[in-house]
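The file target13.pdb comes next; it holds PDB, C-alpha atoms, pLDDT in the B column.
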```
ATOM      1  CA  MET A  25      15.295  -3.773   3.276  1.00 74.00           C
ATOM      2  CA  LEU A  26      14.857  -3.249  -0.467  1.00 75.00           C
ATOM      3  CA  ALA A  27      14.181  -6.962  -0.961  1.00 75.00           C
ATOM      4  CA  LEU A  28      11.458  -6.880   1.718  1.00 78.00           C
ATOM      5  CA  PHE A  29       9.985  -3.759   0.138  1.00 83.00           C
ATOM      6  CA  LYS A  30       9.796  -5.496  -3.267  1.00 80.00           C
ATOM      7  CA  LYS A  31       8.323  -8.609  -1.647  1.00 78.00           C
ATOM      8  CA  GLU A  32       5.509  -6.582  -0.061  1.00 78.00           C
ATOM      9  CA  ILE A  33       4.687  -4.840  -3.344  1.00 81.00           C
ATOM     10  CA  SER A  34       4.763  -8.096  -5.281  1.00 82.00           C
ATOM     11  CA  SER A  35       2.648  -9.899  -2.693  1.00 78.00           C
ATOM     12  CA  PHE A  36      -0.090  -7.287  -2.928  1.00 77.00           C
ATOM     13  CA  LEU A  37      -0.102  -7.012  -6.721  1.00 77.00           C
ATOM     14  CA  ASN A  38      -0.049 -10.801  -7.167  1.00 79.00           C
ATOM     15  CA  SER A  39      -3.356 -11.109  -5.333  1.00 76.00           C
ATOM     16  CA  LEU A  40      -6.704 -10.366  -6.936  1.00 77.00           C
ATOM     17  CA  ILE A  41      -7.791  -8.251  -3.979  1.00 75.00           C
ATOM     18  CA  GLY A  42      -4.973  -5.815  -4.721  1.00 75.00           C
ATOM     19  CA  TYR A  43      -6.373  -4.914  -8.114  1.00 81.00           C
ATOM     20  CA  ILE A  44      -9.949  -4.904  -6.823  1.00 83.00           C
ATOM     21  CA  VAL A  45      -9.053  -2.402  -4.095  1.00 81.00           C
ATOM     22  CA  ILE A  46      -7.348  -0.037  -6.550  1.00 85.00           C
ATOM     23  CA  LEU A  47     -10.159  -0.421  -9.093  1.00 88.00           C
ATOM     24  CA  VAL A  48     -12.839   0.344  -6.502  1.00 86.00           C
ATOM     25  CA  PHE A  49     -10.976   3.503  -5.474  1.00 87.00           C
ATOM     26  CA  LEU A  50     -10.650   4.813  -9.037  1.00 89.00           C
ATOM     27  CA  LEU A  51     -14.168   3.753 -10.023  1.00 90.00           C
ATOM     28  CA  SER A  52     -15.823   5.418  -7.029  1.00 87.00           C
ATOM     29  CA  ILE A  53     -13.978   8.698  -7.626  1.00 87.00           C
ATOM     30  CA  SER A  54     -14.769   8.581 -11.356  1.00 87.00           C
ATOM     31  CA  LEU A  55     -18.487   7.996 -10.802  1.00 87.00           C
ATOM     32  CA  PHE A  56     -18.830  10.959  -8.460  1.00 84.00           C
ATOM     33  CA  MET A  57     -16.763  13.256 -10.694  1.00 83.00           C
ATOM     34  CA  TRP A  58     -18.149  12.374 -14.113  1.00 80.00           C
ATOM     35  CA  VAL A  59     -21.319  10.237 -13.896  1.00 81.00           C
ATOM     36  CA  PHE A  60     -23.508  10.884 -10.853  1.00 80.00           C
ATOM     37  CA  PRO A  61     -25.464  14.157 -11.255  1.00 78.00           C
ATOM     38  CA  GLY A  62     -25.045  16.878  -8.648  1.00 71.00           C
ATOM     39  CA  ASP A  63     -22.621  19.503  -7.409  1.00 73.00           C
ATOM     40  CA  ALA A  64     -19.807  16.941  -7.218  1.00 72.00           C
ATOM     41  CA  ASN A  65     -20.054  16.323 -10.975  1.00 76.00           C
ATOM     42  CA  VAL A  66     -17.444  18.389 -12.815  1.00 74.00           C
ATOM     43  CA  LEU A  67     -19.587  18.679 -15.938  1.00 71.00           C
ATOM     44  CA  ASP A  68     -22.649  19.815 -13.957  1.00 67.00           C
ATOM     45  CA  ASN A  69     -21.099  22.455 -11.722  1.00 70.00           C
ATOM     46  CA  GLY A  70     -19.380  24.187 -14.638  1.00 64.00           C
ATOM     47  CA  TYR A  71     -16.220  24.906 -12.650  1.00 69.00           C
ATOM     48  CA  SER A  72     -12.830  23.488 -13.594  1.00 68.00           C
ATOM     49  CA  SER A  73     -11.708  22.084 -10.273  1.00 76.00           C
ATOM     50  CA  LEU A  74     -10.617  18.821  -8.698  1.00 81.00           C
ATOM     51  CA  ASP A  75     -12.332  19.630  -5.390  1.00 82.00           C
ATOM     52  CA  THR A  76     -14.555  16.548  -5.708  1.00 84.00           C
ATOM     53  CA  LEU A  77     -11.488  14.298  -5.724  1.00 87.00           C
ATOM     54  CA  PHE A  78     -10.024  15.845  -2.590  1.00 89.00           C
ATOM     55  CA  VAL A  79     -13.353  15.741  -0.742  1.00 88.00           C
ATOM     56  CA  ILE A  80     -14.245  12.127  -1.565  1.00 89.00           C
ATOM     57  CA  ALA A  81     -10.756  10.560  -1.550  1.00 91.00           C
ATOM     58  CA  PRO A  82     -10.280  10.687   2.266  1.00 92.00           C
ATOM     59  CA  TRP A  83     -13.503   8.719   2.766  1.00 92.00           C
ATOM     60  CA  VAL A  84     -12.449   6.120   0.212  1.00 91.00           C
ATOM     61  CA  PHE A  85      -9.006   5.998   1.856  1.00 93.00           C
ATOM     62  CA  LEU A  86     -10.729   4.942   5.082  1.00 93.00           C
ATOM     63  CA  PHE A  87     -11.320   1.573   3.392  1.00 92.00           C
ATOM     64  CA  LEU A  88      -8.560   1.523   0.768  1.00 91.00           C
ATOM     65  CA  VAL A  89      -5.613   1.972   3.143  1.00 94.00           C
ATOM     66  CA  PRO A  90      -6.741  -0.636   5.734  1.00 94.00           C
ATOM     67  CA  ALA A  91      -7.257  -3.096   2.860  1.00 91.00           C
ATOM     68  CA  ILE A  92      -3.667  -2.489   1.742  1.00 90.00           C
ATOM     69  CA  THR A  93      -2.049  -2.622   5.189  1.00 92.00           C
ATOM     70  CA  MET A  94      -4.133  -5.301   6.936  1.00 91.00           C
ATOM     71  CA  ARG A  95      -1.829  -8.137   5.877  1.00 87.00           C
ATOM     72  CA  SER A  96       1.467  -6.382   6.683  1.00 86.00           C
ATOM     73  CA  PHE A  97       2.191  -8.156   9.964  1.00 88.00           C
ATOM     74  CA  ALA A  98      -1.051 -10.083  10.512  1.00 86.00           C
ATOM     75  CA  GLU A  99      -0.394 -12.387   7.560  1.00 81.00           C
ATOM     76  CA  GLU A 100       3.238 -12.878   8.543  1.00 79.00           C
ATOM     77  CA  ARG A 101       2.180 -13.982  12.018  1.00 80.00           C
ATOM     78  CA  ARG A 102      -0.621 -16.222  10.737  1.00 79.00           C
ATOM     79  CA  LEU A 103       1.674 -18.067   8.324  1.00 75.00           C
ATOM     80  CA  GLY A 104       4.576 -18.155  10.757  1.00 71.00           C
ATOM     81  CA  THR A 105       6.889 -16.421   8.274  1.00 71.00           C
ATOM     82  CA  ILE A 106       7.677 -13.691  10.779  1.00 70.00           C
ATOM     83  CA  GLU A 107      10.479 -15.915  12.076  1.00 66.00           C
ATOM     84  CA  LEU A 108      12.164 -15.735   8.672  1.00 72.00           C
ATOM     85  CA  LEU A 109      12.272 -11.944   8.953  1.00 70.00           C
ATOM     86  CA  ILE A 110      14.004 -12.191  12.317  1.00 64.00           C
ATOM     87  CA  THR A 111      16.822 -14.242  10.776  1.00 67.00           C
ATOM     88  CA  LYS A 112      17.500 -11.574   8.158  1.00 69.00           C
ATOM     89  CA  PRO A 113      20.173  -8.924   8.879  1.00 71.00           C
ATOM     90  CA  LEU A 114      17.544  -6.236   9.374  1.00 74.00           C
ATOM     91  CA  SER A 115      16.666  -4.144  12.416  1.00 80.00           C
ATOM     92  CA  SER A 116      13.074  -3.891  13.625  1.00 81.00           C
ATOM     93  CA  MET A 117      12.821  -0.341  12.253  1.00 87.00           C
ATOM     94  CA  GLN A 118      14.079  -1.483   8.843  1.00 87.00           C
ATOM     95  CA  ILE A 119      11.427  -4.205   8.709  1.00 88.00           C
ATOM     96  CA  ILE A 120       8.672  -1.821   9.796  1.00 91.00           C
ATOM     97  CA  GLY A 121      10.020   0.853   7.464  1.00 92.00           C
ATOM     98  CA  ALA A 122      10.010  -1.495   4.467  1.00 90.00           C
ATOM     99  CA  LYS A 123       6.422  -2.515   5.114  1.00 91.00           C
ATOM    100  CA  TYR A 124       5.387   1.095   5.692  1.00 94.00           C
ATOM    101  CA  LEU A 125       7.028   2.344   2.485  1.00 94.00           C
ATOM    102  CA  ALA A 126       5.472  -0.527   0.535  1.00 92.00           C
ATOM    103  CA  GLY A 127       2.007   0.379   1.839  1.00 92.00           C
ATOM    104  CA  PHE A 128       2.505   4.062   1.045  1.00 94.00           C
ATOM    105  CA  SER A 129       3.835   3.250  -2.431  1.00 93.00           C
ATOM    106  CA  LEU A 130       0.724   1.193  -3.178  1.00 91.00           C
ATOM    107  CA  VAL A 131      -1.519   4.086  -2.148  1.00 92.00           C
ATOM    108  CA  LEU A 132       0.580   6.392  -4.320  1.00 93.00           C
ATOM    109  CA  PHE A 133       0.189   3.912  -7.182  1.00 90.00           C
ATOM    110  CA  SER A 134      -3.594   4.145  -6.692  1.00 90.00           C
ATOM    111  CA  VAL A 135      -3.573   7.958  -6.739  1.00 92.00           C
ATOM    112  CA  LEU A 136      -1.381   8.416  -9.825  1.00 92.00           C
ATOM    113  CA  PRO A 137      -4.134   7.536 -12.358  1.00 91.00           C
ATOM    114  CA  THR A 138      -6.209  10.458 -11.016  1.00 91.00           C
ATOM    115  CA  LEU A 139      -3.753  12.739 -12.830  1.00 91.00           C
ATOM    116  CA  VAL A 140      -5.842  11.857 -15.900  1.00 90.00           C
ATOM    117  CA  PHE A 141      -8.681  13.810 -14.234  1.00 88.00           C
ATOM    118  CA  PHE A 142      -6.374  16.812 -13.840  1.00 88.00           C
ATOM    119  CA  VAL A 143      -5.360  16.710 -17.515  1.00 88.00           C
ATOM    120  CA  SER A 144      -8.997  16.308 -18.594  1.00 85.00           C
ATOM    121  CA  ILE A 145     -10.180  19.283 -16.551  1.00 84.00           C
ATOM    122  CA  TYR A 146      -7.187  21.300 -17.728  1.00 83.00           C
ATOM    123  CA  PHE A 147      -8.266  20.940 -21.362  1.00 84.00           C
ATOM    124  CA  LEU A 148     -11.995  21.200 -20.625  1.00 78.00           C
ATOM    125  CA  GLY A 149     -11.516  24.584 -18.995  1.00 72.00           C
ATOM    126  CA  SER A 150     -12.575  27.726 -20.789  1.00 72.00           C
ATOM    127  CA  PRO A 151     -10.056  28.976 -21.714  1.00 76.00           C
ATOM    128  CA  VAL A 152      -7.851  25.887 -21.750  1.00 76.00           C
ATOM    129  CA  GLY A 153      -5.774  25.726 -18.582  1.00 73.00           C
ATOM    130  CA  ASN A 154      -8.302  27.629 -16.489  1.00 74.00           C
ATOM    131  CA  ILE A 155      -7.528  25.699 -13.306  1.00 80.00           C
ATOM    132  CA  ASP A 156      -5.659  26.617 -10.130  1.00 80.00           C
ATOM    133  CA  ILE A 157      -2.563  24.527 -10.792  1.00 82.00           C
ATOM    134  CA  GLY A 158      -0.725  25.609  -7.638  1.00 80.00           C
ATOM    135  CA  GLY A 159      -3.717  24.930  -5.426  1.00 81.00           C
ATOM    136  CA  THR A 160      -4.267  21.547  -7.085  1.00 86.00           C
ATOM    137  CA  TRP A 161      -0.710  20.384  -6.483  1.00 88.00           C
ATOM    138  CA  GLY A 162      -0.948  21.616  -2.899  1.00 86.00           C
ATOM    139  CA  SER A 163      -4.100  19.533  -2.487  1.00 89.00           C
ATOM    140  CA  TYR A 164      -2.336  16.472  -3.898  1.00 92.00           C
ATOM    141  CA  ILE A 165       0.447  16.941  -1.355  1.00 93.00           C
ATOM    142  CA  GLY A 166      -2.167  17.139   1.401  1.00 92.00           C
ATOM    143  CA  LEU A 167      -3.761  13.915   0.117  1.00 93.00           C
ATOM    144  CA  LEU A 168      -0.404  12.141   0.226  1.00 94.00           C
ATOM    145  CA  PHE A 169       0.211  13.309   3.792  1.00 95.00           C
ATOM    146  CA  LEU A 170      -3.234  11.981   4.695  1.00 95.00           C
ATOM    147  CA  ALA A 171      -2.368   8.649   3.067  1.00 95.00           C
ATOM    148  CA  ALA A 172       0.934   8.560   4.977  1.00 96.00           C
ATOM    149  CA  ALA A 173      -0.933   8.976   8.276  1.00 96.00           C
ATOM    150  CA  PHE A 174      -3.518   6.307   7.424  1.00 97.00           C
ATOM    151  CA  VAL A 175      -0.805   3.846   6.355  1.00 97.00           C
ATOM    152  CA  SER A 176       1.016   4.267   9.680  1.00 96.00           C
ATOM    153  CA  ILE A 177      -2.257   3.598  11.519  1.00 97.00           C
ATOM    154  CA  GLY A 178      -2.932   0.552   9.342  1.00 96.00           C
ATOM    155  CA  ILE A 179       0.545  -0.884   9.957  1.00 95.00           C
ATOM    156  CA  PHE A 180       0.047  -0.444  13.698  1.00 96.00           C
ATOM    157  CA  CYS A 181      -3.338  -2.212  13.657  1.00 95.00           C
ATOM    158  CA  SER A 182      -1.862  -5.092  11.643  1.00 93.00           C
ATOM    159  CA  SER A 183       0.820  -5.557  14.314  1.00 91.00           C
ATOM    160  CA  LEU A 184      -1.815  -6.166  16.997  1.00 92.00           C
ATOM    161  CA  THR A 185      -3.337  -9.349  15.594  1.00 89.00           C
ATOM    162  CA  SER A 186      -2.786 -12.332  13.310  1.00 87.00           C
ATOM    163  CA  ASN A 187      -6.276 -11.931  11.829  1.00 91.00           C
ATOM    164  CA  GLN A 188      -6.425  -9.732   8.715  1.00 92.00           C
ATOM    165  CA  ILE A 189     -10.146  -9.010   9.083  1.00 93.00           C
ATOM    166  CA  ILE A 190      -9.724  -7.795  12.657  1.00 95.00           C
ATOM    167  CA  ALA A 191      -6.786  -5.642  11.558  1.00 94.00           C
ATOM    168  CA  PHE A 192      -8.890  -4.254   8.698  1.00 94.00           C
ATOM    169  CA  ILE A 193     -11.864  -3.357  10.918  1.00 95.00           C
ATOM    170  CA  PHE A 194      -9.727  -1.907  13.721  1.00 96.00           C
ATOM    171  CA  SER A 195      -7.781   0.166  11.190  1.00 96.00           C
ATOM    172  CA  ILE A 196     -10.986   1.591   9.702  1.00 96.00           C
ATOM    173  CA  CYS A 197     -12.256   2.523  13.167  1.00 95.00           C
ATOM    174  CA  LEU A 198      -8.984   4.151  14.205  1.00 95.00           C
ATOM    175  CA  CYS A 199      -8.573   6.039  10.910  1.00 95.00           C
ATOM    176  CA  PHE A 200     -12.181   7.226  11.167  1.00 94.00           C
ATOM    177  CA  THR A 201     -11.613   8.368  14.759  1.00 93.00           C
ATOM    178  CA  PHE A 202      -8.541  10.382  13.851  1.00 93.00           C
ATOM    179  CA  TYR A 203     -10.109  11.804  10.698  1.00 93.00           C
ATOM    180  CA  ILE A 204     -13.547  12.878  11.931  1.00 90.00           C
ATOM    181  CA  GLY A 205     -13.743  11.825  15.604  1.00 86.00           C
ATOM    182  CA  PHE A 206     -11.887  14.791  17.093  1.00 81.00           C
ATOM    183  CA  GLN A 207     -13.839  17.154  14.832  1.00 80.00           C
ATOM    184  CA  THR A 208     -17.110  15.746  16.190  1.00 79.00           C
ATOM    185  CA  LEU A 209     -15.846  15.806  19.768  1.00 79.00           C
ATOM    186  CA  SER A 210     -14.928  19.482  19.506  1.00 76.00           C
ATOM    187  CA  THR A 211     -18.555  20.410  18.707  1.00 76.00           C
ATOM    188  CA  LEU A 212     -19.843  19.085  22.047  1.00 76.00           C
ATOM    189  CA  ALA A 213     -20.825  21.750  24.570  1.00 69.00           C
ATOM    190  CA  LEU A 214     -18.749  19.973  27.218  1.00 70.00           C
ATOM    191  CA  PHE A 215     -15.558  20.843  25.331  1.00 68.00           C
ATOM    192  CA  SER A 216     -16.579  24.315  24.110  1.00 69.00           C
ATOM    193  CA  ASN A 217     -13.563  25.927  25.792  1.00 72.00           C
ATOM    194  CA  TRP A 218     -11.181  23.453  24.217  1.00 76.00           C
ATOM    195  CA  ASP A 219     -12.741  23.111  20.764  1.00 75.00           C
ATOM    196  CA  SER A 220      -9.772  24.518  18.826  1.00 79.00           C
ATOM    197  CA  LEU A 221      -7.272  22.340  20.679  1.00 83.00           C
ATOM    198  CA  ILE A 222      -9.329  19.175  20.251  1.00 79.00           C
ATOM    199  CA  MET A 223      -9.964  19.939  16.582  1.00 83.00           C
ATOM    200  CA  GLY A 224      -6.228  20.387  16.073  1.00 83.00           C
ATOM    201  CA  LEU A 225      -5.609  16.848  17.340  1.00 87.00           C
ATOM    202  CA  GLY A 226      -7.613  15.398  14.448  1.00 90.00           C
ATOM    203  CA  ILE A 227      -6.493  14.824  10.892  1.00 92.00           C
ATOM    204  CA  GLN A 228      -9.362  16.569   9.119  1.00 90.00           C
ATOM    205  CA  ASP A 229      -8.511  20.078  10.321  1.00 87.00           C
ATOM    206  CA  HIS A 230      -4.959  19.801   8.991  1.00 90.00           C
ATOM    207  CA  TYR A 231      -5.985  18.022   5.798  1.00 91.00           C
ATOM    208  CA  LEU A 232      -8.591  20.658   4.927  1.00 87.00           C
ATOM    209  CA  SER A 233      -5.987  23.349   5.450  1.00 86.00           C
ATOM    210  CA  MET A 234      -3.595  21.649   3.022  1.00 85.00           C
ATOM    211  CA  SER A 235      -6.357  20.789   0.539  1.00 80.00           C
ATOM    212  CA  ARG A 236      -6.886  24.521   0.043  1.00 77.00           C
ATOM    213  CA  GLY A 237      -3.374  24.620  -1.347  1.00 72.00           C
ATOM    214  CA  VAL A 238      -1.884  26.126   1.812  1.00 75.00           C
ATOM    215  CA  LEU A 239       1.252  24.273   2.949  1.00 80.00           C
ATOM    216  CA  ASP A 240       1.585  25.343   6.573  1.00 83.00           C
ATOM    217  CA  THR A 241       4.578  24.084   8.552  1.00 90.00           C
ATOM    218  CA  ARG A 242       2.275  23.228  11.469  1.00 90.00           C
ATOM    219  CA  ASP A 243       0.230  20.889   9.285  1.00 92.00           C
ATOM    220  CA  VAL A 244       3.335  19.183   7.901  1.00 93.00           C
ATOM    221  CA  LEU A 245       4.751  18.716  11.413  1.00 95.00           C
ATOM    222  CA  TYR A 246       1.418  17.306  12.598  1.00 95.00           C
ATOM    223  CA  PHE A 247       1.368  14.603   9.922  1.00 96.00           C
ATOM    224  CA  LEU A 248       5.038  13.737  10.388  1.00 96.00           C
ATOM    225  CA  SER A 249       4.514  13.491  14.152  1.00 96.00           C
ATOM    226  CA  LEU A 250       1.454  11.279  13.709  1.00 96.00           C
ATOM    227  CA  VAL A 251       3.311   8.945  11.356  1.00 97.00           C
ATOM    228  CA  GLY A 252       6.269   8.802  13.728  1.00 96.00           C
ATOM    229  CA  LEU A 253       3.999   8.085  16.702  1.00 96.00           C
ATOM    230  CA  PHE A 254       2.285   5.099  15.088  1.00 96.00           C
ATOM    231  CA  ILE A 255       5.528   3.661  13.722  1.00 96.00           C
ATOM    232  CA  TRP A 256       6.986   3.890  17.240  1.00 95.00           C
ATOM    233  CA  MET A 257       3.851   2.245  18.666  1.00 95.00           C
ATOM    234  CA  THR A 258       4.159  -0.543  16.084  1.00 93.00           C
ATOM    235  CA  ARG A 259       7.737  -1.188  17.108  1.00 91.00           C
ATOM    236  CA  THR A 260       6.743  -1.183  20.784  1.00 91.00           C
ATOM    237  CA  VAL A 261       3.929  -3.697  20.210  1.00 88.00           C
ATOM    238  CA  LEU A 262       6.123  -6.067  18.218  1.00 83.00           C
ATOM    239  CA  ASN A 263       8.981  -5.860  20.711  1.00 81.00           C
ATOM    240  CA  ARG A 264       6.662  -6.593  23.628  1.00 78.00           C
ATOM    241  CA  LYS A 265       5.319  -9.627  21.812  1.00 62.00           C
ATOM    242  CA  SER A 266       8.928 -10.681  21.234  1.00 54.00           C
ATOM    243  CA  ILE A 267       8.368 -10.787  17.487  1.00 49.00           C
ATOM    244  CA  LEU A 268      11.146  -8.428  16.468  1.00 50.00           C
TER
END
```

Could you express the structure from this file as structure tokens?
Amino acid sequence: MLALFKKEISSFLNSLIGYIVILVFLLSISLFMWVFPGDANVLDNGYSSLDTLFVIAPWVFLFLVPAITMRSFAEERRLGTIELLITKPLSSMQIIGAKYLAGFSLVLFSVLPTLVFFVSIYFLGSPVGNIDIGGTWGSYIGLLFLAAAFVSIGIFCSSLTSNQIIAFIFSICLCFTFYIGFQTLSTLALFSNWDSLIMGLGIQDHYLSMSRGVLDTRDVLYFLSLVGLFIWMTRTVLNRKSIL
């Protein structure tokens, strides 16, 4: 399992698209936080906070995570190397788990450089250190849970096809649906009596709760359940196609 995990990491980092994806993520966040004028600009709003990062990052993740996960199973099936995995002494869950952990690790690798923003704002504060450290770390945890959910969706979409582009597009659509779709659906008059329930099915409601620095058990259980659901669905799809 460890060898497969390392192979997935190496495969992504050995391709130019891997570095482009990470660079686009960091560049887009940096431009909104430090360059583009407006309330999102840390220097313009005069408040030492990383709120801009936690507001914009989910939208960038909608493209970043599918780009990372699209080749997980789709590329294996296209090249015919999936048969080599079957011959290895690994269970289907170990194979899926290795690919999932590799995808999550790559997202984590993309997020780590944003700690430079935290250090910068920490020292730019007046007085130095005038930033809600507890709330910031809580928001980072919420961002990682969001990434974990998106990665599980991306892995599932990659298991459905041998075409990376189709997996990429389907993953974006499904991530978007779970992030904002239920929120939009709950505002319709038709579902006015069920708005809270429908909103609770979506990712955004739970992410926003955690991004305020509040680590509620219900939000943690929601994300863990969502990840577990899509990993189970991935295993089901692959087993039905007699791949694993």

On this structure, which residues satisfy the PyMOL selection byres ((chain A and resi 223) around 10), written as a count of residues only?
20

Computed gap from atom CA of Met57 of chain A to atom CA of Gly149 of chain A is 15.0 Å

List as a ChimeraX atom specification the protein and nucleic acid residues near Gly178 of chain A, meaning an atom at most 7 Å away when all atoms listed in the file are counted, but skip any in the same chain fewer than 2 places from it.
/A:89-90,93-94,174-176,180-182,195

Write a file of the just-selected residues containing C-alpha atoms, as a short mmCIF file (atom, residue, chain, number, x, y, z; two decimals), keeping the file's coordinate frame.
```
data_model
loop_
_atom_site.label_atom_id
_atom_site.label_comp_id
_atom_site.auth_asym_id
_atom_site.auth_seq_id
_atom_site.Cartn_x
_atom_site.Cartn_y
_atom_site.Cartn_z
CA VAL A 89 -5.61 1.97 3.14
CA PRO A 90 -6.74 -0.64 5.73
CA THR A 93 -2.05 -2.62 5.19
CA MET A 94 -4.13 -5.30 6.94
CA PHE A 174 -3.52 6.31 7.42
CA VAL A 175 -0.80 3.85 6.36
CA SER A 176 1.02 4.27 9.68
CA PHE A 180 0.05 -0.44 13.70
CA CYS A 181 -3.34 -2.21 13.66
CA SER A 182 -1.86 -5.09 11.64
CA SER A 195 -7.78 0.17 11.19
#
```

Atom CA of Ser249 of chain A and atom CA of Phe49 of chain A, how far apart in Å?
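Computed distance, atom CA of Phe49 of chain A to atom CA of Ser249 of chain A, equals 26.9 Å.
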
Counting only C-alpha atoms, I want the residues whose atoms come within 12 Å of (-1.9, 2.6, -1.5) in the file frame, returned as a ChimeraX atom specification.
/A:32-33,36-37,42-43,45-47,49-50,81,84-94,123-136,167-168,170-176,178

Requested write-out: C-alpha atoms of the selected residues, as a short mmCIF file (atom, residue, chain, number, x, y, z; two decimals), in the frame of the given file:
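Produced file again02.cif, reproduced below:
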```cif
data_model
loop_
_atom_site.label_atom_id
_atom_site.label_comp_id
_atom_site.auth_asym_id
_atom_site.auth_seq_id
_atom_site.Cartn_x
_atom_site.Cartn_y
_atom_site.Cartn_z
CA GLU A 32 5.51 -6.58 -0.06
CA ILE A 33 4.69 -4.84 -3.34
CA PHE A 36 -0.09 -7.29 -2.93
CA LEU A 37 -0.10 -7.01 -6.72
CA GLY A 42 -4.97 -5.82 -4.72
CA TYR A 43 -6.37 -4.91 -8.11
CA VAL A 45 -9.05 -2.40 -4.10
CA ILE A 46 -7.35 -0.04 -6.55
CA LEU A 47 -10.16 -0.42 -9.09
CA PHE A 49 -10.98 3.50 -5.47
CA LEU A 50 -10.65 4.81 -9.04
CA ALA A 81 -10.76 10.56 -1.55
CA VAL A 84 -12.45 6.12 0.21
CA PHE A 85 -9.01 6.00 1.86
CA LEU A 86 -10.73 4.94 5.08
CA PHE A 87 -11.32 1.57 3.39
CA LEU A 88 -8.56 1.52 0.77
CA VAL A 89 -5.61 1.97 3.14
CA PRO A 90 -6.74 -0.64 5.73
CA ALA A 91 -7.26 -3.10 2.86
CA ILE A 92 -3.67 -2.49 1.74
CA THR A 93 -2.05 -2.62 5.19
CA MET A 94 -4.13 -5.30 6.94
CA LYS A 123 6.42 -2.52 5.11
CA TYR A 124 5.39 1.10 5.69
CA LEU A 125 7.03 2.34 2.48
CA ALA A 126 5.47 -0.53 0.54
CA GLY A 127 2.01 0.38 1.84
CA PHE A 128 2.50 4.06 1.04
CA SER A 129 3.84 3.25 -2.43
CA LEU A 130 0.72 1.19 -3.18
CA VAL A 131 -1.52 4.09 -2.15
CA LEU A 132 0.58 6.39 -4.32
CA PHE A 133 0.19 3.91 -7.18
CA SER A 134 -3.59 4.14 -6.69
CA VAL A 135 -3.57 7.96 -6.74
CA LEU A 136 -1.38 8.42 -9.82
CA LEU A 167 -3.76 13.92 0.12
CA LEU A 168 -0.40 12.14 0.23
CA LEU A 170 -3.23 11.98 4.70
CA ALA A 171 -2.37 8.65 3.07
CA ALA A 172 0.93 8.56 4.98
CA ALA A 173 -0.93 8.98 8.28
CA PHE A 174 -3.52 6.31 7.42
CA VAL A 175 -0.80 3.85 6.36
CA SER A 176 1.02 4.27 9.68
CA GLY A 178 -2.93 0.55 9.34
#
```

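Straight-line separation from atom CA of Glu99 of chain A to atom CA of Ser186 of chain A: 6.2 Å.
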
Which residues match the PyMOL selection byres ((chain A and resi 154-158) around 9) in the file above, as a PDB file with C-alpha atoms, keeping the file's coordinate frame?
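The result, written out as out16.pdb:
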```pdb
ATOM      1  CA  TYR A  71     -16.220  24.906 -12.650  1.00 69.00           C
ATOM      2  CA  SER A  72     -12.830  23.488 -13.594  1.00 68.00           C
ATOM      3  CA  SER A  73     -11.708  22.084 -10.273  1.00 76.00           C
ATOM      4  CA  LEU A  74     -10.617  18.821  -8.698  1.00 81.00           C
ATOM      5  CA  PHE A 142      -6.374  16.812 -13.840  1.00 88.00           C
ATOM      6  CA  ILE A 145     -10.180  19.283 -16.551  1.00 84.00           C
ATOM      7  CA  TYR A 146      -7.187  21.300 -17.728  1.00 83.00           C
ATOM      8  CA  PHE A 147      -8.266  20.940 -21.362  1.00 84.00           C
ATOM      9  CA  LEU A 148     -11.995  21.200 -20.625  1.00 78.00           C
ATOM     10  CA  GLY A 149     -11.516  24.584 -18.995  1.00 72.00           C
ATOM     11  CA  SER A 150     -12.575  27.726 -20.789  1.00 72.00           C
ATOM     12  CA  PRO A 151     -10.056  28.976 -21.714  1.00 76.00           C
ATOM     13  CA  VAL A 152      -7.851  25.887 -21.750  1.00 76.00           C
ATOM     14  CA  GLY A 153      -5.774  25.726 -18.582  1.00 73.00           C
ATOM     15  CA  GLY A 159      -3.717  24.930  -5.426  1.00 81.00           C
ATOM     16  CA  THR A 160      -4.267  21.547  -7.085  1.00 86.00           C
ATOM     17  CA  TRP A 161      -0.710  20.384  -6.483  1.00 88.00           C
ATOM     18  CA  GLY A 162      -0.948  21.616  -2.899  1.00 86.00           C
ATOM     19  CA  SER A 163      -4.100  19.533  -2.487  1.00 89.00           C
ATOM     20  CA  GLY A 237      -3.374  24.620  -1.347  1.00 72.00           C
TER      21      GLY A 237
END
```

Where atoms are lacking, segment 152-158 of chain A completed to N, CA and C atoms, as an mmCIF file, keeping the file's coordinate frame:
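Saved result, part.cif, follows:
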```
data_model
loop_
_atom_site.group_PDB
_atom_site.id
_atom_site.type_symbol
_atom_site.label_atom_id
_atom_site.label_comp_id
_atom_site.auth_asym_id
_atom_site.auth_seq_id
_atom_site.Cartn_x
_atom_site.Cartn_y
_atom_site.Cartn_z
ATOM 1 N N VAL A 152 -8.634 27.068 -22.115
ATOM 2 C CA VAL A 152 -7.851 25.887 -21.750
ATOM 3 C C VAL A 152 -6.814 26.262 -20.696
ATOM 4 N N GLY A 153 -6.729 25.453 -19.659
ATOM 5 C CA GLY A 153 -5.774 25.726 -18.582
ATOM 6 C C GLY A 153 -6.344 26.571 -17.466
ATOM 7 N N ASN A 154 -7.669 26.803 -17.516
ATOM 8 C CA ASN A 154 -8.302 27.629 -16.489
ATOM 9 C C ASN A 154 -8.556 26.799 -15.221
ATOM 10 N N ILE A 155 -7.463 26.477 -14.541
ATOM 11 C CA ILE A 155 -7.528 25.699 -13.306
ATOM 12 C C ILE A 155 -6.399 26.164 -12.396
ATOM 13 N N ASP A 156 -6.665 26.190 -11.109
ATOM 14 C CA ASP A 156 -5.659 26.617 -10.130
ATOM 15 C C ASP A 156 -4.629 25.502 -9.976
ATOM 16 N N ILE A 157 -3.573 25.587 -10.785
ATOM 17 C CA ILE A 157 -2.563 24.527 -10.792
ATOM 18 C C ILE A 157 -1.828 24.453 -9.453
ATOM 19 N N GLY A 158 -1.435 25.590 -8.910
ATOM 20 C CA GLY A 158 -0.725 25.609 -7.638
ATOM 21 C C GLY A 158 -1.561 25.022 -6.513
#
```
